[in-house]
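Asker: This one is start.csv, CSV, C-alpha atoms.
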```csv
chain,number,residue,atom,x,y,z
A,789,MET,CA,-39.6,67.0,18.9
A,790,LYS,CA,-37.1,67.5,16.1
A,791,TRP,CA,-34.4,65.6,18.0
A,792,THR,CA,-36.9,62.8,18.7
A,793,LEU,CA,-37.8,62.6,15.0
A,794,ARG,CA,-34.1,62.6,14.1
A,795,ILE,CA,-33.4,59.8,16.5
A,796,LEU,CA,-36.3,57.7,15.2
A,797,THR,CA,-35.1,58.3,11.6
A,798,LEU,CA,-31.6,57.3,12.5
A,799,ALA,CA,-32.8,54.2,14.2
A,800,PHE,CA,-34.9,53.3,11.2
A,801,ILE,CA,-31.9,53.7,8.8
A,802,LEU,CA,-29.7,51.5,11.1
A,803,PHE,CA,-32.5,48.9,11.1
A,804,LEU,CA,-32.6,48.8,7.3
A,805,ALA,CA,-28.8,48.6,7.2
A,806,ALA,CA,-28.8,45.6,9.6
A,807,CYS,CA,-31.4,43.9,7.4
A,808,GLY,CA,-29.3,44.5,4.4
A,809,SER,CA,-26.3,43.2,6.1
A,810,ASP,CA,-28.1,39.9,7.0
A,811,GLY,CA,-29.1,39.5,3.4
A,812,ASP,CA,-25.5,40.0,2.3
A,813,ASP,CA,-24.4,37.4,4.8
A,814,SER,CA,-26.9,34.9,3.4
A,815,ALA,CA,-25.8,35.6,-0.1
A,816,THR,CA,-22.1,35.1,1.0
A,817,GLY,CA,-23.1,31.8,2.6
A,818,SER,CA,-24.7,30.7,-0.6
A,819,GLU,CA,-21.6,31.6,-2.6
A,820,ASP,CA,-19.4,29.6,-0.1
A,821,LYS,CA,-21.6,26.6,-0.6
A,822,GLU,CA,-21.1,26.9,-4.3
A,823,GLU,CA,-17.4,27.2,-3.8
A,824,GLY,CA,-17.5,24.0,-1.8
A,825,ALA,CA,-19.3,22.3,-4.6
A,826,ASP,CA,-16.7,23.6,-7.1
A,827,THR,CA,-13.9,22.3,-4.9
A,828,GLU,CA,-15.5,18.9,-4.9
A,829,GLU,CA,-15.6,19.0,-8.7
A,830,SER,CA,-12.3,20.8,-9.1
A,831,THR,CA,-9.4,19.5,-11.2
A,832,ARG,CA,-6.2,18.6,-9.5
A,833,VAL,CA,-2.9,17.6,-11.0
A,834,ILE,CA,-1.3,14.4,-9.6
A,835,GLU,CA,2.4,13.9,-10.1
A,836,HIS,CA,3.5,10.3,-10.7
A,837,GLU,CA,6.2,8.2,-12.3
A,838,MET,CA,5.1,8.9,-15.8
A,839,GLY,CA,4.5,12.6,-15.4
A,840,GLU,CA,1.3,14.4,-14.4
A,841,THR,CA,-2.4,13.4,-14.7
A,842,GLU,CA,-5.4,15.7,-14.2
A,843,ILE,CA,-8.2,14.3,-12.1
A,844,SER,CA,-11.6,15.9,-11.6
A,845,GLY,CA,-13.8,15.5,-8.6
A,846,LYS,CA,-13.7,12.3,-6.5
A,847,PRO,CA,-13.2,9.1,-8.6
A,848,GLU,CA,-15.9,6.6,-8.0
A,849,LYS,CA,-15.0,3.7,-10.3
A,850,ILE,CA,-11.3,2.8,-9.8
A,851,VAL,CA,-9.3,-0.1,-11.4
A,852,ALA,CA,-6.3,-1.3,-9.5
A,853,LEU,CA,-3.6,-3.2,-11.4
A,854,GLU,CA,-1.5,-4.2,-8.4
A,855,PHE,CA,-2.4,-5.6,-5.0
A,856,SER,CA,-0.7,-2.8,-3.1
A,857,PHE,CA,-3.1,-0.3,-4.7
A,858,VAL,CA,-6.0,-2.5,-3.6
A,859,ASP,CA,-4.6,-2.3,-0.1
A,860,ASN,CA,-4.3,1.5,-0.5
A,861,LEU,CA,-7.9,1.8,-1.5
A,862,ALA,CA,-9.2,-0.5,1.2
A,863,SER,CA,-7.3,1.5,3.8
A,864,LEU,CA,-9.2,4.6,2.6
A,865,GLY,CA,-12.5,2.7,2.8
A,866,VAL,CA,-12.8,2.6,-1.0
A,867,SER,CA,-13.8,-0.5,-3.1
A,868,PRO,CA,-12.3,-0.8,-6.6
A,869,VAL,CA,-14.6,-1.9,-9.4
A,870,GLY,CA,-11.8,-3.8,-11.1
A,871,ILE,CA,-8.7,-5.6,-9.9
A,872,ALA,CA,-5.9,-7.4,-11.7
A,873,ASP,CA,-6.1,-10.4,-9.4
A,874,ASP,CA,-4.2,-12.9,-11.6
A,875,ASN,CA,-7.6,-14.5,-12.2
A,876,ASP,CA,-7.6,-15.8,-8.7
A,877,LYS,CA,-9.8,-14.1,-6.1
A,878,GLU,CA,-8.1,-16.2,-3.4
A,879,ARG,CA,-5.1,-14.0,-3.9
A,880,ILE,CA,-6.9,-11.1,-2.2
A,881,ILE,CA,-6.0,-11.5,1.5
A,882,GLU,CA,-8.8,-11.9,3.9
A,883,PRO,CA,-8.4,-8.6,5.8
A,884,ILE,CA,-8.8,-6.8,2.5
A,885,ARG,CA,-11.3,-9.0,0.9
A,886,GLU,CA,-13.8,-8.4,3.7
A,887,LYS,CA,-13.4,-4.6,3.2
A,888,ILE,CA,-13.8,-4.3,-0.5
A,889,GLY,CA,-16.6,-6.8,-1.4
A,890,ASP,CA,-17.3,-7.8,-5.0
A,891,TYR,CA,-15.3,-6.6,-7.9
A,892,THR,CA,-14.5,-7.6,-11.5
A,893,SER,CA,-11.3,-9.3,-12.4
A,894,VAL,CA,-9.4,-7.6,-15.2
A,895,GLY,CA,-6.9,-10.4,-15.6
A,896,THR,CA,-3.3,-10.8,-14.5
A,897,ARG,CA,-1.1,-8.1,-13.1
A,898,LYS,CA,1.5,-8.8,-15.8
A,899,GLN,CA,-1.0,-8.6,-18.7
A,900,PRO,CA,-4.3,-7.0,-17.6
A,901,SER,CA,-7.1,-7.0,-20.1
A,902,LEU,CA,-7.6,-3.6,-21.7
A,903,GLU,CA,-10.9,-4.6,-23.1
A,904,VAL,CA,-12.3,-5.6,-19.6
A,905,ILE,CA,-10.9,-2.4,-18.1
A,906,SER,CA,-12.5,-0.3,-20.7
A,907,SER,CA,-15.9,-2.1,-20.2
A,908,LEU,CA,-15.9,-1.0,-16.6
A,909,GLN,CA,-15.8,2.7,-17.7
A,910,PRO,CA,-13.4,3.7,-14.8
A,911,ASP,CA,-12.7,7.2,-13.9
A,912,LEU,CA,-9.2,6.3,-12.4
A,913,ILE,CA,-6.7,3.6,-13.1
A,914,ILE,CA,-3.8,2.9,-10.8
A,915,ALA,CA,-0.9,1.0,-12.3
A,916,ASP,CA,2.6,-0.2,-11.4
A,917,MET,CA,5.7,1.4,-12.9
A,918,LYS,CA,7.6,-1.9,-13.4
A,919,ARG,CA,4.7,-3.9,-14.9
A,920,HIS,CA,2.6,-1.3,-16.8
A,921,LYS,CA,4.9,1.4,-18.0
A,922,GLU,CA,4.7,0.2,-21.6
A,923,ILE,CA,0.9,0.3,-21.7
A,924,TYR,CA,0.5,3.7,-19.9
A,925,ASP,CA,-0.7,5.5,-23.1
A,926,GLN,CA,-3.3,2.8,-23.8
A,927,LEU,CA,-4.5,2.9,-20.2
A,928,SER,CA,-4.7,6.8,-20.3
A,929,GLU,CA,-6.9,6.6,-23.4
A,930,ILE,CA,-9.4,4.6,-21.2
A,931,ALA,CA,-9.3,6.8,-18.1
A,932,PRO,CA,-7.0,9.1,-16.2
A,933,THR,CA,-4.1,6.9,-15.1
A,934,ILE,CA,-1.4,7.2,-12.5
A,935,ILE,CA,1.7,5.0,-12.5
A,936,LEU,CA,3.3,4.4,-9.1
A,937,PRO,CA,6.1,2.1,-7.8
A,938,SER,CA,4.8,-1.1,-6.3
A,939,LEU,CA,6.6,-4.3,-7.4
A,940,ALA,CA,10.0,-2.6,-7.1
A,941,ALA,CA,9.2,-0.4,-4.1
A,942,ASP,CA,10.5,-0.7,-0.6
A,943,TYR,CA,8.3,-0.1,2.5
A,944,GLU,CA,8.8,3.7,2.4
A,945,GLY,CA,8.0,3.7,-1.3
A,946,ILE,CA,4.8,2.0,-0.5
A,947,ILE,CA,3.9,4.7,2.0
A,948,ASP,CA,4.7,7.4,-0.6
A,949,SER,CA,2.4,5.6,-3.1
A,950,PHE,CA,-0.4,5.5,-0.5
A,951,GLU,CA,-0.2,9.3,-0.1
A,952,THR,CA,-0.3,9.8,-3.8
A,953,VAL,CA,-3.4,7.5,-4.1
A,954,SER,CA,-5.0,9.6,-1.3
A,955,MET,CA,-4.5,12.8,-3.3
A,956,ALA,CA,-5.7,11.2,-6.5
A,957,MET,CA,-8.9,10.1,-4.7
A,958,GLY,CA,-9.4,13.6,-3.3
A,959,MET,CA,-9.1,12.1,0.2
A,960,GLU,CA,-5.8,13.7,1.3
A,961,GLU,CA,-7.1,14.6,4.8
A,962,LYS,CA,-8.6,11.1,5.3
A,963,GLY,CA,-5.3,9.6,4.0
A,964,GLN,CA,-3.3,11.5,6.6
A,965,GLU,CA,-5.6,10.3,9.4
A,966,VAL,CA,-5.2,6.7,8.2
A,967,LEU,CA,-1.5,7.1,7.8
A,968,GLN,CA,-1.1,8.4,11.4
A,969,GLN,CA,-3.1,5.4,12.7
A,970,HIS,CA,-0.7,3.1,10.8
A,971,ARG,CA,2.3,4.9,12.2
A,972,ASP,CA,0.9,4.5,15.7
A,973,ARG,CA,0.4,0.8,15.1
A,974,MET,CA,4.0,0.5,13.8
A,975,GLU,CA,5.3,2.1,16.9
A,976,GLU,CA,3.4,-0.5,19.0
A,977,LEU,CA,4.8,-3.3,17.0
A,978,ARG,CA,8.3,-1.9,17.1
A,979,ALA,CA,8.0,-1.7,20.9
A,980,GLU,CA,7.5,-5.5,20.9
A,981,VAL,CA,11.0,-6.1,19.5
A,982,PRO,CA,13.7,-6.2,22.2
A,983,GLU,CA,16.3,-3.5,21.9
A,984,ASP,CA,19.1,-6.2,22.2
A,985,GLU,CA,17.6,-8.3,19.3
A,986,GLU,CA,20.7,-9.4,17.2
A,987,ARG,CA,19.2,-12.2,15.1
A,988,THR,CA,19.3,-11.8,11.4
A,989,VAL,CA,16.2,-12.6,9.3
A,990,LEU,CA,15.8,-13.7,5.7
A,991,PRO,CA,12.4,-13.6,4.0
A,992,ALA,CA,12.3,-15.6,0.7
A,993,VAL,CA,10.0,-17.0,-1.9
A,994,VAL,CA,10.7,-20.7,-2.1
A,995,ALA,CA,9.8,-22.5,-5.3
A,996,ASP,CA,10.8,-25.7,-7.2
A,997,SER,CA,12.7,-23.4,-9.5
A,998,GLY,CA,14.8,-21.9,-6.8
A,999,TYR,CA,15.3,-19.9,-3.6
A,1000,TYR,CA,14.4,-16.2,-4.1
A,1001,ALA,CA,15.8,-14.2,-1.2
A,1002,HIS,CA,14.5,-10.7,-0.3
A,1003,ASN,CA,17.3,-8.4,0.8
A,1004,MET,CA,17.3,-5.4,3.1
A,1005,GLU,CA,16.0,-3.0,0.4
A,1006,SER,CA,13.1,-5.2,-0.7
A,1007,TYR,CA,9.6,-4.4,0.5
A,1008,THR,CA,9.4,-7.3,3.1
A,1009,GLY,CA,13.1,-6.9,4.0
A,1010,SER,CA,12.8,-3.1,4.6
A,1011,LEU,CA,9.5,-3.6,6.5
A,1012,LEU,CA,11.1,-6.0,8.9
A,1013,GLU,CA,14.1,-3.7,9.3
A,1014,SER,CA,11.8,-0.8,10.1
A,1015,ILE,CA,11.0,-2.5,13.5
A,1016,GLY,CA,14.6,-3.6,14.2
A,1017,LEU,CA,14.9,-7.0,12.5
A,1018,LYS,CA,18.1,-6.9,10.5
A,1019,ASN,CA,18.1,-8.6,7.2
A,1020,ALA,CA,20.8,-11.3,6.6
A,1021,ILE,CA,21.6,-9.8,3.1
A,1022,GLN,CA,22.9,-6.2,3.5
A,1023,SER,CA,24.4,-5.9,0.0
A,1024,GLY,CA,23.6,-6.4,-3.7
A,1025,ASP,CA,22.0,-4.4,-6.5
A,1026,ALA,CA,18.9,-6.5,-6.8
A,1027,ARG,CA,16.3,-6.5,-4.1
A,1028,TYR,CA,15.2,-10.0,-5.0
A,1029,ASN,CA,18.0,-12.5,-5.5
A,1030,LYS,CA,17.9,-16.2,-6.7
A,1031,ILE,CA,20.6,-17.7,-4.4
A,1032,ASN,CA,21.9,-21.2,-4.0
A,1033,LEU,CA,22.5,-23.3,-0.9
A,1034,GLU,CA,26.2,-22.3,-0.6
A,1035,GLN,CA,25.1,-18.6,-0.5
A,1036,ILE,CA,22.5,-19.3,2.2
A,1037,VAL,CA,25.3,-21.0,4.2
A,1038,GLU,CA,27.4,-17.9,3.7
A,1039,PHE,CA,24.7,-15.5,4.8
A,1040,ASN,CA,23.8,-17.8,7.6
A,1041,PRO,CA,20.5,-16.3,8.7
A,1042,ASP,CA,19.2,-16.8,12.3
A,1043,VAL,CA,15.6,-16.8,11.2
A,1044,MET,CA,14.1,-17.7,7.8
A,1045,PHE,CA,10.6,-16.8,6.7
A,1046,HIS,CA,9.6,-19.0,3.7
A,1047,MET,CA,6.9,-18.0,1.3
A,1048,ASN,CA,6.2,-21.3,-0.4
A,1049,SER,CA,5.2,-21.4,-4.1
A,1050,GLY,CA,3.9,-24.8,-4.8
A,1051,GLU,CA,3.8,-28.0,-2.9
A,1052,GLN,CA,7.4,-29.1,-3.8
A,1053,THR,CA,10.2,-26.6,-3.4
A,1054,VAL,CA,14.0,-26.6,-3.6
A,1055,VAL,CA,14.2,-26.7,0.2
A,1056,ASP,CA,12.7,-30.2,0.1
A,1057,GLU,CA,15.8,-31.2,-1.8
A,1058,TRP,CA,18.1,-29.6,0.7
A,1059,GLU,CA,16.6,-30.9,3.9
A,1060,ASP,CA,19.0,-33.9,4.1
A,1061,ASN,CA,22.0,-31.9,3.1
A,1062,GLU,CA,24.5,-31.3,5.8
A,1063,LEU,CA,25.1,-27.7,4.5
A,1064,TYR,CA,21.5,-26.8,4.9
A,1065,GLN,CA,21.3,-28.5,8.3
A,1066,ASP,CA,24.2,-26.3,9.5
A,1067,VAL,CA,22.4,-23.0,8.7
A,1068,SER,CA,21.7,-21.3,12.0
A,1069,ALA,CA,17.9,-20.9,11.4
A,1070,VAL,CA,17.7,-24.6,10.6
A,1071,LYS,CA,19.7,-25.7,13.6
A,1072,ASN,CA,17.7,-23.6,15.9
A,1073,ASP,CA,14.3,-24.6,14.4
A,1074,GLU,CA,13.5,-21.0,13.3
A,1075,VAL,CA,12.3,-21.6,9.8
A,1076,TYR,CA,8.7,-20.4,9.5
A,1077,GLN,CA,6.2,-21.0,6.7
A,1078,VAL,CA,4.3,-17.8,5.9
A,1079,ASP,CA,1.5,-16.8,3.6
A,1080,ARG,CA,3.0,-15.7,0.2
A,1081,ASN,CA,0.0,-13.6,-0.7
A,1082,MET,CA,0.4,-11.6,2.5
A,1083,TRP,CA,4.2,-11.5,2.7
A,1084,SER,CA,5.1,-11.0,-0.9
A,1085,ARG,CA,2.2,-10.1,-3.3
A,1086,PHE,CA,0.4,-7.6,-1.1
A,1087,ARG,CA,2.3,-4.4,-0.1
A,1088,GLY,CA,0.4,-1.7,1.8
A,1089,LEU,CA,-0.6,-0.4,5.2
A,1090,ILE,CA,-3.0,-3.3,6.1
A,1091,SER,CA,-0.7,-6.0,4.9
A,1092,SER,CA,2.4,-4.4,6.4
A,1093,GLU,CA,0.8,-4.5,9.9
A,1094,LYS,CA,-0.3,-8.1,9.4
A,1095,ILE,CA,3.2,-9.2,8.3
A,1096,LEU,CA,4.7,-7.7,11.3
A,1097,GLU,CA,2.1,-9.2,13.6
A,1098,ASP,CA,3.0,-12.6,12.1
A,1099,ALA,CA,6.7,-12.1,12.5
A,1100,ILE,CA,6.4,-10.9,16.1
A,1101,GLY,CA,4.1,-13.8,16.8
A,1102,TYR,CA,6.7,-16.3,15.5
A,1103,LEU,CA,9.7,-14.7,17.2
A,1104,TYR,CA,8.3,-13.7,20.6
A,1105,GLN,CA,5.0,-15.3,21.4
```
As structure tokens, what does this structure read like?
Answerer:
Amino acid sequence: MKWTLRILTLAFILFLAACGSDGDDSATGSEDKEEGADTEESTRVIEHEMGETEISGKPEKIVALEFSFVDNLASLGVSPVGIADDNDKERIIEPIREKIGDYTSVGTRKQPSLEVISSLQPDLIIADMKRHKEIYDQLSEIAPTIILPSLAADYEGIIDSFETVSMAMGMEEKGQEVLQQHRDRMEELRAEVPEDEERTVLPAVVADSGYYAHNMESYTGSLLESIGLKNAIQSGDARYNKINLEQIVEFNPDVMFHMNSGEQTVVDEWEDNELYQDVSAVKNDEVYQVDRNMWSRFRGLISSEKILEDAIGYLYQ
């Protein structure tokens, strides 16, 4: 009987211990949930061109002061509340316009309206190093601001900026998924360029004021080079160069992608010139008119894929 009583007593103690353990697990689960909530609201430090910026939680109201950052946000499934769209909503390319929906224009990219930006009460501003360095302090008084390269960036620089925007948004994991999908698509596009492709290409903004060539280190030039299309200009300190007809003859591109600015351009003046007619691209009827908004103003994952789809379509399909 004594042993039976001892066994029953021991069983009862073990039962109570098990109940206590279950209760502890529940409490731990509750603490874990609270930790998750804290993580969501945690403050992280984002390094950028002007130093470091602290951002708490997941920003909900974002103002983008360059088109590449609009592309970044659209790629993440985020709609900015404000965009510096040069007061022209048509400058937002269709593949991105349909993703972001309505927004408020905050003026031009060169001179965005600080008053309008402030009225939107943003919790994150994304600005360009080249255009907005001088107003960084003023922007930072309105909301946490990060300054990234866009206007002066090459393709790889645009990818780096996308990763920083993903971290600033608290969407680093999502950003890596999107970036991997982009890289997979880039491999598909690269596979459509023959290995023996030897033609040189020259993207350029063509205006009445001149011919502005994009070299191998420019965004569009480096993007085309990333899939095996060699830029005709492989030298020079400036990524965007105003060149004359004699220089075009010297570079002698096999393919030219013209981003027209305005109805009349300098090329209209050259068309009857023997020098222009002797350029390889002109002789072989490989001068293509492309969308300037897509090819020059936008720089991001979505626009990069669309530019390459355009280029491959012209060259091989």
Asker: Which residues, protein or nucleic acid, reach to within 10 Å of (15.6, -7.7, 4.7) in the file's coordinates when using all atoms listed in the file, and can you give that as an NGL selection string?
Answerer: :A and (988-992 or 1001-1014 or 1017-1022 or 1027-1028)
Asker: What's the 7 Å shell around region 891-906 of chain A, counting only C-alpha atoms, without same-chain residues fewer than 6 positions away, as a PyMOL selection string?
Answerer: chain A and resi 853-854+868-875+919+930
Asker: Name the residues in contact with Gln1052 (chain A) at a cut-off of 12 Å, using only C-alpha atoms, excluding same-chain residues fewer than 2 positions from it; report them as a list of chain:residue names.
Answerer: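 Near neighbours after the sequence-gap exclusion: A:Val994, A:Ala995, A:Asp996, A:Ser997, A:Gly998, A:Asn1048, A:Ser1049, A:Gly1050, A:Val1054, A:Val1055, A:Asp1056, A:Glu1057, A:Trp1058.
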Asker: Take the residues just selected and output them with C-alpha atoms as a short mmCIF file (atom, residue, chain, number, x, y, z; two decimals), keeping the file's coordinate frame.
Answerer:
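Dumped to result.cif:
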```
data_model
loop_
_atom_site.label_atom_id
_atom_site.label_comp_id
_atom_site.auth_asym_id
_atom_site.auth_seq_id
_atom_site.Cartn_x
_atom_site.Cartn_y
_atom_site.Cartn_z
CA VAL A 994 10.70 -20.70 -2.10
CA ALA A 995 9.80 -22.50 -5.30
CA ASP A 996 10.80 -25.70 -7.20
CA SER A 997 12.70 -23.40 -9.50
CA GLY A 998 14.80 -21.90 -6.80
CA ASN A 1048 6.20 -21.30 -0.40
CA SER A 1049 5.20 -21.40 -4.10
CA GLY A 1050 3.90 -24.80 -4.80
CA VAL A 1054 14.00 -26.60 -3.60
CA VAL A 1055 14.20 -26.70 0.20
CA ASP A 1056 12.70 -30.20 0.10
CA GLU A 1057 15.80 -31.20 -1.80
CA TRP A 1058 18.10 -29.60 0.70
#
```
Asker: What's around Ser949 (chain A) at 10 Å? Count all atoms listed in the file, leave out sequence neighbours fewer than 6 positions away in its own chain, and write the answer as a list in words.
Answerer: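 Residues near the query, excluding close chain neighbours: His836, Ser856, Phe857, Asn860, Ile935, Leu936, Pro937, Ser938, Ala941, Tyr943, Met955 and Gly1088 of chain A.
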Asker: Looking at A:Val981, A:Met1047, A:Ala1026, A:Met838, which one is nearest to Gln1105 (chain A), with distances taken over all atoms listed in the file?
Answerer: A:Val981
Asker: Using only C-alpha atoms, find the one residue out of A:Ser1092, A:Gln968, A:Gln1077, A:Asn1040 that sits nearest to Gln1065 (chain A).
Answerer: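 Nearest candidate to Gln1065 (chain A) out of A:Ser1092, A:Gln968, A:Gln1077, A:Asn1040: A:Asn1040.
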Asker: Identify, on the basis of only C-alpha atoms, every residue whose closest approach to Phe855 (chain A) does not exceed 7 Å; exclude the query and any residue fewer than 2 positions from it along the same chain; express the result as a list in words.
Answerer: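 Once the nearby chain positions are removed, what remains is Leu853, Phe857, Val858, Asp859, Arg1085, Phe1086 and Arg1087 of chain A.
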Asker: So that I can see what lies close to Lys887 (chain A), please list as a PyMOL selection string the residues with an atom at most 9 Å from it, counting all atoms listed in the file and leaving out residues fewer than 5 positions away in the same chain.
Answerer: chain A and resi 862-863+865-867+882
Asker: Once you have the residues from the selection above, write them out as a short mmCIF file (atom, residue, chain, number, x, y, z; two decimals), keeping the file's coordinate frame, restricted to C-alpha atoms.
Answerer:
```
data_model
loop_
_atom_site.label_atom_id
_atom_site.label_comp_id
_atom_site.auth_asym_id
_atom_site.auth_seq_id
_atom_site.Cartn_x
_atom_site.Cartn_y
_atom_site.Cartn_z
CA ALA A 862 -9.20 -0.50 1.20
CA SER A 863 -7.30 1.50 3.80
CA GLY A 865 -12.50 2.70 2.80
CA VAL A 866 -12.80 2.60 -1.00
CA SER A 867 -13.80 -0.50 -3.10
CA GLU A 882 -8.80 -11.90 3.90
#
```
Asker: Would you mind reading off the distance between CA of Arg879 (chain A) and CA of Lys1094 (chain A), one decimal, in Å?
Answerer: 15.3 Å
Asker: Provide the CA of Asp890 (chain A) to CA of Gln909 (chain A) distance in Å, to one decimal place.
Answerer: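 That distance, rounded to one decimal, is 16.5 Å.
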Asker: Of the residues A:Val1043, A:Ile881, A:Ile946, A:Met957, which is the one nearest to Trp1083 (chain A), using only C-alpha atoms?
Answerer: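 Answer, going by the shortest atom-to-atom distance: A:Ile881.
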Asker: What is the distance between CA of Val1067 (chain A) and CA of Arg987 (chain A), in Å to one decimal?
Answerer: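 Separation between CA of Val1067 (chain A) and CA of Arg987 (chain A): 13.0 Å.
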Asker: Which residue is closest to Ile1090 (chain A)? Choose from A:Gly845, A:Pro1041, A:Phe950, A:Val851 and count only C-alpha atoms.
Answerer: A:Phe950
Asker: Complete the atoms of region 860-883 of chain A to N, CA and C atoms and put them out as a PDB file, in the coordinates of the input.
Answerer:
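The result, stored in part_9.pdb:
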```
ATOM      1  N   ASN A 860      -4.162   0.087  -0.638  1.00  0.00           N
ATOM      2  CA  ASN A 860      -4.300   1.500  -0.500  1.00  0.00           C
ATOM      3  C   ASN A 860      -5.774   1.949  -0.410  1.00  0.00           C
ATOM      4  N   LEU A 861      -6.533   1.464  -1.378  1.00  0.00           N
ATOM      5  CA  LEU A 861      -7.900   1.800  -1.500  1.00  0.00           C
ATOM      6  C   LEU A 861      -8.747   1.302  -0.287  1.00  0.00           C
ATOM      7  N   ALA A 862      -8.482   0.051   0.088  1.00  0.00           N
ATOM      8  CA  ALA A 862      -9.200  -0.500   1.200  1.00  0.00           C
ATOM      9  C   ALA A 862      -8.887   0.252   2.507  1.00  0.00           C
ATOM     10  N   SER A 863      -7.662   0.733   2.650  1.00  0.00           N
ATOM     11  CA  SER A 863      -7.300   1.500   3.800  1.00  0.00           C
ATOM     12  C   SER A 863      -8.075   2.830   3.879  1.00  0.00           C
ATOM     13  N   LEU A 864      -8.460   3.336   2.704  1.00  0.00           N
ATOM     14  CA  LEU A 864      -9.200   4.600   2.600  1.00  0.00           C
ATOM     15  C   LEU A 864     -10.750   4.307   2.677  1.00  0.00           C
ATOM     16  N   GLY A 865     -11.129   3.040   2.742  1.00  0.00           N
ATOM     17  CA  GLY A 865     -12.500   2.700   2.800  1.00  0.00           C
ATOM     18  C   GLY A 865     -13.176   2.714   1.375  1.00  0.00           C
ATOM     19  N   VAL A 866     -12.367   2.514   0.342  1.00  0.00           N
ATOM     20  CA  VAL A 866     -12.800   2.600  -1.000  1.00  0.00           C
ATOM     21  C   VAL A 866     -12.762   1.164  -1.659  1.00  0.00           C
ATOM     22  N   SER A 867     -13.791   0.784  -2.392  1.00  0.00           N
ATOM     23  CA  SER A 867     -13.800  -0.500  -3.100  1.00  0.00           C
ATOM     24  C   SER A 867     -13.608  -0.318  -4.565  1.00  0.00           C
ATOM     25  N   PRO A 868     -12.533  -0.879  -5.134  1.00  0.00           N
ATOM     26  CA  PRO A 868     -12.300  -0.800  -6.600  1.00  0.00           C
ATOM     27  C   PRO A 868     -13.345  -1.575  -7.352  1.00  0.00           C
ATOM     28  N   VAL A 869     -13.678  -1.128  -8.562  1.00  0.00           N
ATOM     29  CA  VAL A 869     -14.600  -1.900  -9.400  1.00  0.00           C
ATOM     30  C   VAL A 869     -13.890  -2.992 -10.146  1.00  0.00           C
ATOM     31  N   GLY A 870     -12.589  -2.805 -10.360  1.00  0.00           N
ATOM     32  CA  GLY A 870     -11.800  -3.800 -11.100  1.00  0.00           C
ATOM     33  C   GLY A 870     -10.444  -3.993 -10.460  1.00  0.00           C
ATOM     34  N   ILE A 871      -9.987  -5.257 -10.441  1.00  0.00           N
ATOM     35  CA  ILE A 871      -8.700  -5.600  -9.900  1.00  0.00           C
ATOM     36  C   ILE A 871      -7.985  -6.601 -10.761  1.00  0.00           C
ATOM     37  N   ALA A 872      -6.702  -6.376 -11.002  1.00  0.00           N
ATOM     38  CA  ALA A 872      -5.900  -7.400 -11.700  1.00  0.00           C
ATOM     39  C   ALA A 872      -5.474  -8.381 -10.565  1.00  0.00           C
ATOM     40  N   ASP A 873      -6.228  -9.458 -10.460  1.00  0.00           N
ATOM     41  CA  ASP A 873      -6.100 -10.400  -9.400  1.00  0.00           C
ATOM     42  C   ASP A 873      -5.434 -11.732  -9.804  1.00  0.00           C
ATOM     43  N   ASP A 874      -4.811 -11.718 -10.989  1.00  0.00           N
ATOM     44  CA  ASP A 874      -4.200 -12.900 -11.600  1.00  0.00           C
ATOM     45  C   ASP A 874      -5.260 -14.012 -11.784  1.00  0.00           C
ATOM     46  N   ASN A 875      -6.513 -13.580 -11.997  1.00  0.00           N
ATOM     47  CA  ASN A 875      -7.600 -14.500 -12.200  1.00  0.00           C
ATOM     48  C   ASN A 875      -7.827 -15.470 -11.058  1.00  0.00           C
ATOM     49  N   ASP A 876      -7.523 -14.997  -9.866  1.00  0.00           N
ATOM     50  CA  ASP A 876      -7.600 -15.800  -8.700  1.00  0.00           C
ATOM     51  C   ASP A 876      -8.053 -14.957  -7.481  1.00  0.00           C
ATOM     52  N   LYS A 877      -9.339 -14.976  -7.158  1.00  0.00           N
ATOM     53  CA  LYS A 877      -9.800 -14.100  -6.100  1.00  0.00           C
ATOM     54  C   LYS A 877      -9.242 -14.517  -4.715  1.00  0.00           C
ATOM     55  N   GLU A 878      -8.714 -15.731  -4.606  1.00  0.00           N
ATOM     56  CA  GLU A 878      -8.100 -16.200  -3.400  1.00  0.00           C
ATOM     57  C   GLU A 878      -6.801 -15.428  -3.070  1.00  0.00           C
ATOM     58  N   ARG A 879      -6.281 -14.755  -4.073  1.00  0.00           N
ATOM     59  CA  ARG A 879      -5.100 -14.000  -3.900  1.00  0.00           C
ATOM     60  C   ARG A 879      -5.325 -12.680  -3.091  1.00  0.00           C
ATOM     61  N   ILE A 880      -6.580 -12.297  -3.006  1.00  0.00           N
ATOM     62  CA  ILE A 880      -6.900 -11.100  -2.200  1.00  0.00           C
ATOM     63  C   ILE A 880      -6.955 -11.588  -0.736  1.00  0.00           C
ATOM     64  N   ILE A 881      -6.051 -11.071   0.081  1.00  0.00           N
ATOM     65  CA  ILE A 881      -6.000 -11.500   1.500  1.00  0.00           C
ATOM     66  C   ILE A 881      -7.223 -11.191   2.237  1.00  0.00           C
ATOM     67  N   GLU A 882      -7.570 -12.045   3.183  1.00  0.00           N
ATOM     68  CA  GLU A 882      -8.800 -11.900   3.900  1.00  0.00           C
ATOM     69  C   GLU A 882      -9.106 -10.576   4.524  1.00  0.00           C
ATOM     70  N   PRO A 883      -8.136  -9.949   5.213  1.00  0.00           N
ATOM     71  CA  PRO A 883      -8.400  -8.600   5.800  1.00  0.00           C
ATOM     72  C   PRO A 883      -8.851  -7.583   4.836  1.00  0.00           C
TER      73      PRO A 883
END
```
